[in-house]
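Trainee: Just one file: model26.cif, with mmCIF, C-alpha atoms.
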```cif
data_run
loop_
_atom_site.group_PDB
_atom_site.id
_atom_site.type_symbol
_atom_site.label_atom_id
_atom_site.label_comp_id
_atom_site.auth_asym_id
_atom_site.auth_seq_id
_atom_site.Cartn_x
_atom_site.Cartn_y
_atom_site.Cartn_z
ATOM 1 C CA MET I 1 94.857 103.715 113.345
ATOM 2 C CA SER I 2 96.905 102.589 110.389
ATOM 3 C CA PRO I 3 95.196 102.423 106.981
ATOM 4 C CA PRO I 4 94.175 98.973 105.709
ATOM 5 C CA GLN I 5 96.957 97.045 104.035
ATOM 6 C CA THR I 6 95.336 97.061 100.602
ATOM 7 C CA ALA I 7 95.347 100.854 100.518
ATOM 8 C CA THR I 8 99.127 100.919 100.332
ATOM 9 C CA LEU I 9 99.446 98.325 97.573
ATOM 10 C CA ARG I 10 98.650 100.586 94.605
ATOM 11 C CA PRO I 11 100.946 103.452 95.697
ATOM 12 C CA TYR I 12 103.678 100.948 96.540
ATOM 13 C CA LEU I 13 103.547 99.360 93.100
ATOM 14 C CA ASN I 14 103.383 102.747 91.396
ATOM 15 C CA ALA I 15 106.369 103.988 93.355
ATOM 16 C CA VAL I 16 108.377 100.894 92.428
ATOM 17 C CA LYS I 17 107.335 101.264 88.794
ATOM 18 C CA ALA I 18 108.383 104.905 88.617
ATOM 19 C CA THR I 19 111.707 104.228 90.323
ATOM 20 C CA LEU I 20 112.416 101.356 87.970
ATOM 21 C CA GLN I 21 111.610 103.588 85.047
ATOM 22 C CA ALA I 22 114.238 105.989 86.288
ATOM 23 C CA ALA I 23 116.822 103.322 87.102
ATOM 24 C CA LEU I 24 116.442 101.238 83.933
ATOM 25 C CA CYS I 25 118.328 103.781 81.859
ATOM 26 C CA LEU I 26 121.147 101.550 80.745
ATOM 27 C CA GLU I 27 123.762 101.669 78.049
ATOM 28 C CA ASN I 28 126.310 99.179 76.927
ATOM 29 C CA PHE I 29 129.561 99.848 78.805
ATOM 30 C CA SER I 30 132.643 97.664 78.543
ATOM 31 C CA SER I 31 134.753 97.021 81.585
ATOM 32 C CA GLN I 32 137.331 99.721 82.286
ATOM 33 C CA VAL I 33 139.521 97.256 84.132
ATOM 34 C CA VAL I 34 139.798 94.365 81.720
ATOM 35 C CA GLU I 35 139.796 94.938 77.995
ATOM 36 C CA ARG I 36 137.232 93.239 75.773
ATOM 37 C CA HIS I 37 135.135 92.354 78.819
ATOM 38 C CA ASN I 38 131.615 93.494 79.503
ATOM 39 C CA LYS I 39 130.702 93.053 83.153
ATOM 40 C CA PRO I 40 127.578 94.121 85.042
ATOM 41 C CA GLU I 41 128.966 97.042 87.039
ATOM 42 C CA VAL I 42 126.390 96.677 89.791
ATOM 43 C CA GLU I 43 127.902 93.271 90.651
ATOM 44 C CA VAL I 44 131.531 94.079 90.097
ATOM 45 C CA ARG I 45 131.420 97.552 91.721
ATOM 46 C CA SER I 46 134.837 98.380 90.349
ATOM 47 C CA SER I 47 134.472 102.184 90.053
ATOM 48 C CA LYS I 48 132.447 104.598 92.123
ATOM 49 C CA GLU I 49 131.553 106.853 89.230
ATOM 50 C CA LEU I 50 129.640 104.087 87.472
ATOM 51 C CA LEU I 51 127.270 103.356 90.346
ATOM 52 C CA LEU I 52 124.017 105.066 91.256
ATOM 53 C CA GLN I 53 122.669 105.594 94.753
ATOM 54 C CA PRO I 54 120.881 102.488 96.013
ATOM 55 C CA VAL I 55 117.280 103.279 96.791
ATOM 56 C CA VAL I 56 114.708 101.488 98.954
ATOM 57 C CA ILE I 57 110.952 101.586 98.590
ATOM 58 C CA SER I 58 109.151 100.041 101.516
ATOM 59 C CA ARG I 59 105.498 99.294 102.064
ATOM 60 C CA ASN I 60 106.057 98.369 105.715
ATOM 61 C CA ASP I 61 108.983 96.997 107.635
ATOM 62 C CA LYS I 62 108.526 93.509 106.157
ATOM 63 C CA GLU I 63 108.004 94.314 102.492
ATOM 64 C CA LYS I 64 110.509 96.373 100.590
ATOM 65 C CA VAL I 65 112.308 96.634 97.307
ATOM 66 C CA LEU I 66 115.946 97.670 96.976
ATOM 67 C CA ILE I 67 116.973 99.052 93.606
ATOM 68 C CA GLU I 68 120.678 99.405 92.889
ATOM 69 C CA GLY I 69 121.577 100.871 89.552
ATOM 70 C CA SER I 70 124.702 101.448 87.570
ATOM 71 C CA ILE I 71 125.641 102.478 84.094
ATOM 72 C CA ASN I 72 124.997 99.141 82.430
ATOM 73 C CA SER I 73 123.090 97.044 84.947
ATOM 74 C CA VAL I 74 120.370 97.181 87.554
ATOM 75 C CA ARG I 75 119.803 94.886 90.502
ATOM 76 C CA VAL I 76 116.360 94.726 92.091
ATOM 77 C CA SER I 77 116.101 92.957 95.453
ATOM 78 C CA ILE I 78 112.636 92.087 96.672
ATOM 79 C CA ALA I 79 111.668 91.260 100.257
ATOM 80 C CA VAL I 80 108.406 89.353 100.215
ATOM 81 C CA LYS I 81 105.979 89.466 103.125
ATOM 82 C CA GLN I 82 106.212 86.345 105.249
ATOM 83 C CA ALA I 83 103.706 86.471 108.053
ATOM 84 C CA ASP I 84 104.375 83.195 109.836
ATOM 85 C CA GLU I 85 106.611 80.143 109.834
ATOM 86 C CA ILE I 86 104.748 78.285 107.129
ATOM 87 C CA GLU I 87 104.888 81.281 104.795
ATOM 88 C CA LYS I 88 108.595 81.634 105.470
ATOM 89 C CA ILE I 89 109.175 78.016 104.524
ATOM 90 C CA LEU I 90 107.012 78.206 101.419
ATOM 91 C CA CYS I 91 108.635 81.418 100.276
ATOM 92 C CA HIS I 92 112.103 80.026 100.840
ATOM 93 C CA LYS I 93 111.345 76.838 98.924
ATOM 94 C CA PHE I 94 109.700 78.632 96.043
ATOM 95 C CA MET I 95 112.475 81.179 95.683
ATOM 96 C CA ARG I 96 115.059 78.419 95.873
ATOM 97 C CA PHE I 97 113.236 76.534 93.121
ATOM 98 C CA MET I 98 113.384 79.554 90.847
ATOM 99 C CA MET I 99 116.909 80.593 91.718
ATOM 100 C CA MET I 100 118.295 77.118 91.047
ATOM 101 C CA ARG I 101 116.936 77.478 87.536
ATOM 102 C CA ALA I 102 118.316 80.999 87.170
ATOM 103 C CA GLU I 103 120.140 80.120 83.956
ATOM 104 C CA ASN I 104 116.856 79.593 82.177
ATOM 105 C CA PHE I 105 115.378 82.788 83.555
ATOM 106 C CA PHE I 106 118.307 84.948 82.390
ATOM 107 C CA ILE I 107 117.434 87.808 84.689
ATOM 108 C CA LEU I 108 117.400 86.009 88.025
ATOM 109 C CA ARG I 109 120.336 86.002 90.391
ATOM 110 C CA ARG I 110 121.368 82.708 91.968
ATOM 111 C CA LYS I 111 121.674 84.070 95.484
ATOM 112 C CA PRO I 112 119.534 86.777 97.043
ATOM 113 C CA VAL I 113 121.182 89.817 98.542
ATOM 114 C CA GLU I 114 121.427 89.782 102.341
ATOM 115 C CA GLY I 115 118.094 90.664 103.904
ATOM 116 C CA TYR I 116 116.002 90.078 100.794
ATOM 117 C CA ASP I 117 114.329 87.078 99.215
ATOM 118 C CA ILE I 118 114.963 87.242 95.521
ATOM 119 C CA ASN I 119 116.930 89.309 93.052
ATOM 120 C CA VAL I 120 116.268 90.369 89.535
ATOM 121 C CA GLN I 121 119.286 91.630 87.695
ATOM 122 C CA THR I 122 119.548 92.831 84.165
ATOM 123 C CA GLN I 123 122.319 94.174 81.997
ATOM 124 C CA ALA I 124 122.363 96.412 78.944
ATOM 125 C CA GLY I 125 124.000 93.826 76.714
ATOM 126 C CA GLY I 126 121.441 91.225 77.721
ATOM 127 C CA LEU I 127 118.512 93.521 76.936
ATOM 128 C CA ARG I 128 119.640 93.981 73.368
ATOM 129 C CA HIS I 129 120.095 90.307 72.531
ATOM 130 C CA PRO I 130 117.536 88.351 74.536
ATOM 131 C CA LEU I 131 118.551 85.078 72.862
ATOM 132 C CA HIS I 132 122.076 85.346 74.147
ATOM 133 C CA GLY I 133 121.001 86.146 77.691
ATOM 134 C CA GLY I 134 122.667 88.313 80.320
ATOM 135 C CA ASP I 135 126.366 88.134 81.001
ATOM 136 C CA ARG I 136 128.239 88.633 77.736
ATOM 137 C CA GLN I 137 131.868 88.897 76.855
ATOM 138 C CA GLY I 138 133.780 89.958 73.786
ATOM 139 C CA ASP I 139 131.563 92.886 72.913
ATOM 140 C CA GLN I 140 133.942 93.766 70.082
ATOM 141 C CA ARG I 141 132.141 91.110 68.108
ATOM 142 C CA ASP I 142 128.776 92.715 68.858
ATOM 143 C CA GLU I 143 129.025 95.553 66.400
ATOM 144 C CA THR I 144 128.968 93.285 63.363
ATOM 145 C CA VAL I 145 126.235 90.982 64.689
ATOM 146 C CA ARG I 146 123.891 93.963 65.111
ATOM 147 C CA MET U 1 173.480 92.783 87.611
ATOM 148 C CA SER U 2 171.998 95.536 89.712
ATOM 149 C CA LYS U 3 171.614 95.128 93.436
ATOM 150 C CA ASN U 4 167.807 95.424 93.304
ATOM 151 C CA THR U 5 166.895 92.254 91.473
ATOM 152 C CA THR U 6 165.612 90.498 94.589
ATOM 153 C CA ALA U 7 163.656 93.499 95.902
ATOM 154 C CA ALA U 8 159.958 92.742 95.564
ATOM 155 C CA ARG U 9 158.469 95.578 97.609
ATOM 156 C CA PHE U 10 157.324 97.376 94.469
ATOM 157 C CA ARG U 11 154.801 94.593 93.897
ATOM 158 C CA ARG U 12 152.858 95.672 96.995
ATOM 159 C CA VAL U 13 152.252 99.184 95.725
ATOM 160 C CA ASP U 14 148.586 99.716 94.798
ATOM 161 C CA VAL U 15 149.040 101.256 91.385
ATOM 162 C CA ASP U 16 145.347 102.074 91.024
ATOM 163 C CA GLU U 17 145.572 104.625 93.822
ATOM 164 C CA TYR U 18 148.001 106.739 91.832
ATOM 165 C CA ASP U 19 146.088 106.647 88.575
ATOM 166 C CA GLU U 20 145.503 110.254 87.479
ATOM 167 C CA ASN U 21 142.092 109.468 86.037
ATOM 168 C CA LYS U 22 140.838 107.799 89.181
ATOM 169 C CA PHE U 23 137.490 109.176 90.261
ATOM 170 C CA VAL U 24 137.444 110.865 93.668
ATOM 171 C CA ASP U 25 134.310 112.304 95.164
ATOM 172 C CA GLU U 26 134.565 116.017 95.907
ATOM 173 C CA GLU U 27 134.898 116.554 99.619
ATOM 174 C CA ASP U 28 133.089 119.739 100.518
ATOM 175 C CA ALA U 29 133.746 121.002 103.999
ATOM 176 C CA GLY U 30 130.173 120.996 105.258
ATOM 177 C CA GLU U 31 130.798 120.741 108.956
ATOM 178 C CA ASN U 32 128.741 123.824 109.742
ATOM 179 C CA GLN U 33 125.558 122.541 108.157
ATOM 180 C CA LEU U 34 123.158 121.914 110.976
ATOM 181 C CA GLY U 35 120.102 120.830 109.090
ATOM 182 C CA PRO U 36 116.693 122.485 109.353
ATOM 183 C CA ASP U 37 115.902 124.570 112.415
ATOM 184 C CA GLU U 38 113.976 122.339 114.825
ATOM 185 C CA ALA U 39 112.414 125.074 116.925
ATOM 186 C CA GLU U 40 111.164 127.007 113.931
ATOM 187 C CA VAL U 41 109.660 123.938 112.304
ATOM 188 C CA ASP U 42 108.018 122.758 115.553
ATOM 189 C CA SER U 43 106.391 126.128 116.126
ATOM 190 C CA LEU U 44 105.087 126.230 112.569
ATOM 191 C CA ILE U 45 103.593 122.762 112.943
ATOM 192 C CA ARG U 46 101.882 123.786 116.186
ATOM 193 C CA GLN U 47 100.484 126.866 114.558
ATOM 194 C CA GLY U 48 99.010 124.634 111.900
ATOM 195 C CA ASN U 49 100.884 126.428 109.151
ATOM 196 C CA LEU U 50 101.922 123.206 107.456
ATOM 197 C CA ASN U 51 103.000 124.557 104.068
ATOM 198 C CA GLN U 52 105.406 126.955 105.767
ATOM 199 C CA ALA U 53 106.666 124.131 107.983
ATOM 200 C CA LEU U 54 107.341 122.068 104.886
ATOM 201 C CA GLN U 55 109.328 124.870 103.280
ATOM 202 C CA ALA U 56 111.229 125.513 106.488
ATOM 203 C CA VAL U 57 112.166 121.900 106.990
ATOM 204 C CA LEU U 58 113.506 121.694 103.434
ATOM 205 C CA LYS U 59 115.971 124.528 104.062
ATOM 206 C CA ASN U 60 119.566 123.813 105.044
ATOM 207 C CA PRO U 61 119.718 120.177 104.078
ATOM 208 C CA PRO U 62 122.647 118.399 105.773
ATOM 209 C CA ILE U 63 124.060 117.241 102.478
ATOM 210 C CA ASN U 64 127.754 117.815 102.983
ATOM 211 C CA THR U 65 128.126 116.984 106.634
ATOM 212 C CA LYS U 66 129.695 113.691 107.661
ATOM 213 C CA ASN U 67 127.952 113.721 111.017
ATOM 214 C CA GLN U 68 125.326 110.973 110.921
ATOM 215 C CA ASN U 69 123.391 112.444 113.879
ATOM 216 C CA VAL U 70 122.665 115.643 112.015
ATOM 217 C CA LYS U 71 121.344 113.674 109.080
ATOM 218 C CA ASP U 72 119.190 111.469 111.324
ATOM 219 C CA ARG U 73 117.754 114.464 113.119
ATOM 220 C CA ALA U 74 116.919 116.198 109.860
ATOM 221 C CA GLU U 75 115.245 113.095 108.530
ATOM 222 C CA GLY U 76 113.178 112.652 111.695
ATOM 223 C CA LEU U 77 112.073 116.255 111.471
ATOM 224 C CA VAL U 78 111.036 115.938 107.853
ATOM 225 C CA LEU U 79 109.067 112.795 108.663
ATOM 226 C CA LYS U 80 107.282 114.650 111.461
ATOM 227 C CA VAL U 81 106.216 117.399 109.078
ATOM 228 C CA LEU U 82 105.144 114.967 106.377
ATOM 229 C CA SER U 83 103.038 112.961 108.845
ATOM 230 C CA ALA U 84 101.348 116.128 110.104
ATOM 231 C CA PHE U 85 99.757 116.780 106.728
ATOM 232 C CA LYS U 86 96.242 115.540 105.974
ATOM 233 C CA SER U 87 95.995 113.363 102.857
ATOM 234 C CA SER U 88 93.959 115.976 101.015
ATOM 235 C CA ASP U 89 96.497 118.709 101.759
ATOM 236 C CA ILE U 90 99.536 116.872 100.447
ATOM 237 C CA GLU U 91 99.017 117.981 96.859
ATOM 238 C CA LYS U 92 98.788 121.655 97.821
ATOM 239 C CA GLY U 93 101.887 121.272 99.936
ATOM 240 C CA VAL U 94 103.844 119.903 96.999
ATOM 241 C CA GLN U 95 102.561 122.645 94.682
ATOM 242 C CA SER U 96 103.968 125.263 97.046
ATOM 243 C CA LEU U 97 107.505 123.986 96.503
ATOM 244 C CA ASP U 98 109.899 124.980 93.750
ATOM 245 C CA LYS U 99 111.780 122.504 91.568
ATOM 246 C CA ASP U 100 114.842 122.147 93.805
ATOM 247 C CA ALA U 101 112.670 121.676 96.847
ATOM 248 C CA VAL U 102 110.745 118.884 95.127
ATOM 249 C CA ASP U 103 114.038 117.122 94.348
ATOM 250 C CA LEU U 104 115.102 117.503 97.951
ATOM 251 C CA LEU U 105 111.725 116.223 99.128
ATOM 252 C CA MET U 106 112.192 113.140 96.944
ATOM 253 C CA LYS U 107 115.597 112.536 98.538
ATOM 254 C CA TYR U 108 114.069 112.704 101.997
ATOM 255 C CA ILE U 109 111.224 110.407 100.966
ATOM 256 C CA TYR U 110 113.604 107.710 99.795
ATOM 257 C CA LYS U 111 115.707 108.178 102.901
ATOM 258 C CA GLY U 112 112.579 107.722 104.985
ATOM 259 C CA PHE U 113 111.747 104.478 103.199
ATOM 260 C CA GLU U 114 114.976 102.970 104.454
ATOM 261 C CA ARG U 115 113.768 102.996 108.018
ATOM 262 C CA PRO U 116 110.097 102.046 107.995
ATOM 263 C CA SER U 117 108.260 102.570 111.274
ATOM 264 C CA GLU U 118 104.595 102.306 112.364
ATOM 265 C CA ASN U 119 102.883 104.242 109.667
ATOM 266 C CA SER U 120 105.714 106.037 107.962
ATOM 267 C CA SER U 121 105.744 104.039 104.749
ATOM 268 C CA ALA U 122 102.079 104.646 104.016
ATOM 269 C CA VAL U 123 102.521 108.393 104.488
ATOM 270 C CA LEU U 124 105.698 108.398 102.437
ATOM 271 C CA LEU U 125 104.031 106.481 99.628
ATOM 272 C CA GLN U 126 101.320 109.143 99.392
ATOM 273 C CA TRP U 127 103.934 111.885 99.338
ATOM 274 C CA HIS U 128 105.932 109.967 96.741
ATOM 275 C CA GLU U 129 102.918 109.832 94.444
ATOM 276 C CA LYS U 130 102.282 113.580 94.684
ATOM 277 C CA ALA U 131 105.930 114.538 94.440
ATOM 278 C CA LEU U 132 106.258 112.315 91.376
ATOM 279 C CA ALA U 133 103.337 114.103 89.761
ATOM 280 C CA ALA U 134 105.069 117.419 90.389
ATOM 281 C CA GLY U 135 108.660 116.479 89.645
ATOM 282 C CA GLY U 136 108.248 113.699 87.123
ATOM 283 C CA VAL U 137 110.619 110.778 86.618
ATOM 284 C CA GLY U 138 113.430 113.334 86.390
ATOM 285 C CA SER U 139 113.243 114.009 90.118
ATOM 286 C CA ILE U 140 113.814 110.308 90.787
ATOM 287 C CA VAL U 141 116.735 110.255 88.368
ATOM 288 C CA ARG U 142 118.259 113.191 90.234
ATOM 289 C CA VAL U 143 117.953 111.253 93.490
ATOM 290 C CA LEU U 144 119.665 108.208 91.962
ATOM 291 C CA THR U 145 122.527 110.147 90.422
ATOM 292 C CA ALA U 146 123.208 112.518 93.311
ATOM 293 C CA ARG U 147 126.696 112.007 94.665
ATOM 294 C CA LYS U 148 125.815 113.383 98.096
ATOM 295 C CA THR U 149 122.730 112.122 99.868
ATOM 296 C CA VAL U 150 120.722 114.041 102.399
#
```
Would you mind writing the file's structure down as structure tokens?

Mentor:
Amino acid sequence: MSPPQTATLRPYLNAVKATLQAALCLENFSSQVVERHNKPEVEVRSSKELLLQPVVISRNDKEKVLIEGSINSVRVSIAVKQADEIEKILCHKFMRFMMMRAENFFILRRKPVEGYDINVQTQAGGLRHPLHGGDRQGDQRDETVR
Amino acid sequence: MSKNTTAARFRRVDVDEYDENKFVDEEDAGENQLGPDEAEVDSLIRQGNLNQALQAVLKNPPINTKNQNVKDRAEGLVLKVLSAFKSSDIEKGVQSLDKDAVDLLMKYIYKGFERPSENSSAVLLQWHEKALAAGGVGSIVRVLTARKTV
């Protein structure tokens, strides 16, 4: 008999927390392809050596978290449990509401990755200057602002 | 003027391929890696000697082989061993492993998460907790940065 659902919640959250702790080791890294640009490597995927292994943590086949890391950015994709039709609709509407306002959230992605419901993505440059938000360009200017 | 002014074939050359600094993954010839020995592990499980089974199944990881079947078989075997443990015995099982084995166990755990079945995720989550206690966040970092997965 499988253990009750609540018994897996704590370990699931702890596992996700520990993995995030490992993956959120970011440093500012300008693009190697275009000068004076600072792109989130996990989105651009320009060079293999900058990307980490993507890792999944699943609680069951419906709920899982995909964590893709890179040298300057991390993308966390979350699949939320949707038991029946009404939950699917509610989840979809709610996520859509938040993703349409992604600009204000700074760390949300406008479209979820295939197979997941919502994405959180953060970048090293964005973490340092929360007022300026995520995607930043012209990092040459950065050094003086700091 | 030279004869080549209208030749445009050079534009189709992918210059990035010839860049000397381009990163290429090392290709180790690992065709002979067969993964852990199924018969040995099965017999150890039946004998009830679970710690030994754990150590046996973590030998010969199919890291370098390109054959997906070998990797799948190894992963299924590891999952069988991990599910055979009782919850209270997991910690002792992890203690019996050395540092490299704990890293390898972490790799298998994450691999197992990718294909959740009946009860596998619950078991794997328990193992993850104990392996984390033994290996620390460093073991997870080594899983993320490994260029070759199990």

Trainee: Would you translate the PyMOL selection byres ((chain U) within 9 of (chain I)) into the concrete set of residues it matches in this file, as a PyMOL selection string?

Mentor: chain U and resi 22-25+110-122+125-126+128-129+132+136-141+143-147+149

Trainee: So which one's closest to Asn72 in chain I, I:Glu114, I:Glu103, I:Glu87, I:Glu43? Using only C-alpha atoms, please.

Mentor: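 Among the listed residues, I:Glu43 lies closest to Asn72 in chain I.
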
Trainee: Counting all atoms listed in the file, what is within 12 Å of Val44 in chain I, bar same-chain residues fewer than 4 positions away, as a list in words?

Mentor: Ser31, Gln32, Val33, Val34, His37, Asn38, Lys39, Pro40, Lys48, Leu50, Leu51, Ser70, Ile71, Asn72, Ser73, Val74 and Arg75 of chain I

Trainee: May I ask for the distance between CA of Leu34 in chain U and CA of Ile109 in chain U, given in Å to one decimal place?

Mentor: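 Distance between the two atoms: 19.4 Å.
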
Trainee: Between U:Glu20, U:Lys148, U:Lys71, U:Gly48, which one has atoms that come closest to Lys86 in chain U, using all atoms listed in the file?

Mentor: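 Smallest distance to Lys86 in chain U is found for U:Gly48.
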
Trainee: Please write the residues picked by the PyMOL selection byres ((chain U and resi 134) around 8) on this file as a ChimeraX atom specification.

Mentor: /U:94-95,102,130-133,135-136

Trainee: To one decimal place in Å, what is the distance between CA of Leu124 in chain U and CA of Ile107 in chain I?

Mentor: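 Value for the CA of Leu124 in chain U-CA of Ile107 in chain I distance: 29.6 Å.
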
Trainee: Please compute the CA of Val57 in chain U-CA of Ser88 in chain U distance, one decimal, in Å.

Mentor: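 Atom-to-atom, CA of Val57 in chain U to CA of Ser88 in chain U, that is 20.1 Å.
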
Trainee: Selected by the PyMOL selection byres ((chain I and resi 99) around 9) in the shown coordinates: which residues, as a PDB file with C-alpha atoms, in the frame of the given file?

Mentor:
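Below you can see expr_27.pdb, which holds the result:
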```pdb
ATOM      1  CA  PHE I  94     109.700  78.632  96.043  1.00  0.00           C
ATOM      2  CA  MET I  95     112.475  81.179  95.683  1.00  0.00           C
ATOM      3  CA  ARG I  96     115.059  78.419  95.873  1.00  0.00           C
ATOM      4  CA  PHE I  97     113.236  76.534  93.121  1.00  0.00           C
ATOM      5  CA  MET I  98     113.384  79.554  90.847  1.00  0.00           C
ATOM      6  CA  MET I 100     118.295  77.118  91.047  1.00  0.00           C
ATOM      7  CA  ARG I 101     116.936  77.478  87.536  1.00  0.00           C
ATOM      8  CA  ALA I 102     118.316  80.999  87.170  1.00  0.00           C
ATOM      9  CA  GLU I 103     120.140  80.120  83.956  1.00  0.00           C
ATOM     10  CA  PHE I 105     115.378  82.788  83.555  1.00  0.00           C
ATOM     11  CA  LEU I 108     117.400  86.009  88.025  1.00  0.00           C
ATOM     12  CA  ARG I 109     120.336  86.002  90.391  1.00  0.00           C
ATOM     13  CA  ARG I 110     121.368  82.708  91.968  1.00  0.00           C
ATOM     14  CA  LYS I 111     121.674  84.070  95.484  1.00  0.00           C
ATOM     15  CA  PRO I 112     119.534  86.777  97.043  1.00  0.00           C
ATOM     16  CA  ILE I 118     114.963  87.242  95.521  1.00  0.00           C
ATOM     17  CA  ASN I 119     116.930  89.309  93.052  1.00  0.00           C
TER      18      ASN I 119
END
```

Trainee: Mind checking which residues fall within 12 Å of range 35-45 of chain U, counting all atoms listed in the file, ignoring those fewer than 4 positions away in the same chain, and posting them as number ranges by chain?

Mentor: U: 30-31, 49-65, 67-85, 150

Trainee: Please enclose the listed atoms of range 83-97 of chain I in an axis-aligned box, pad each side by 5 Å, and write out the centre and the three edge lengths in Å, rounded to one decimal, as lines of an AutoDock Vina configuration file.

Mentor:
```
center_x = 109.4
center_y = 81.5
center_z = 101.5
size_x = 21.4
size_y = 19.9
size_z = 26.7
```
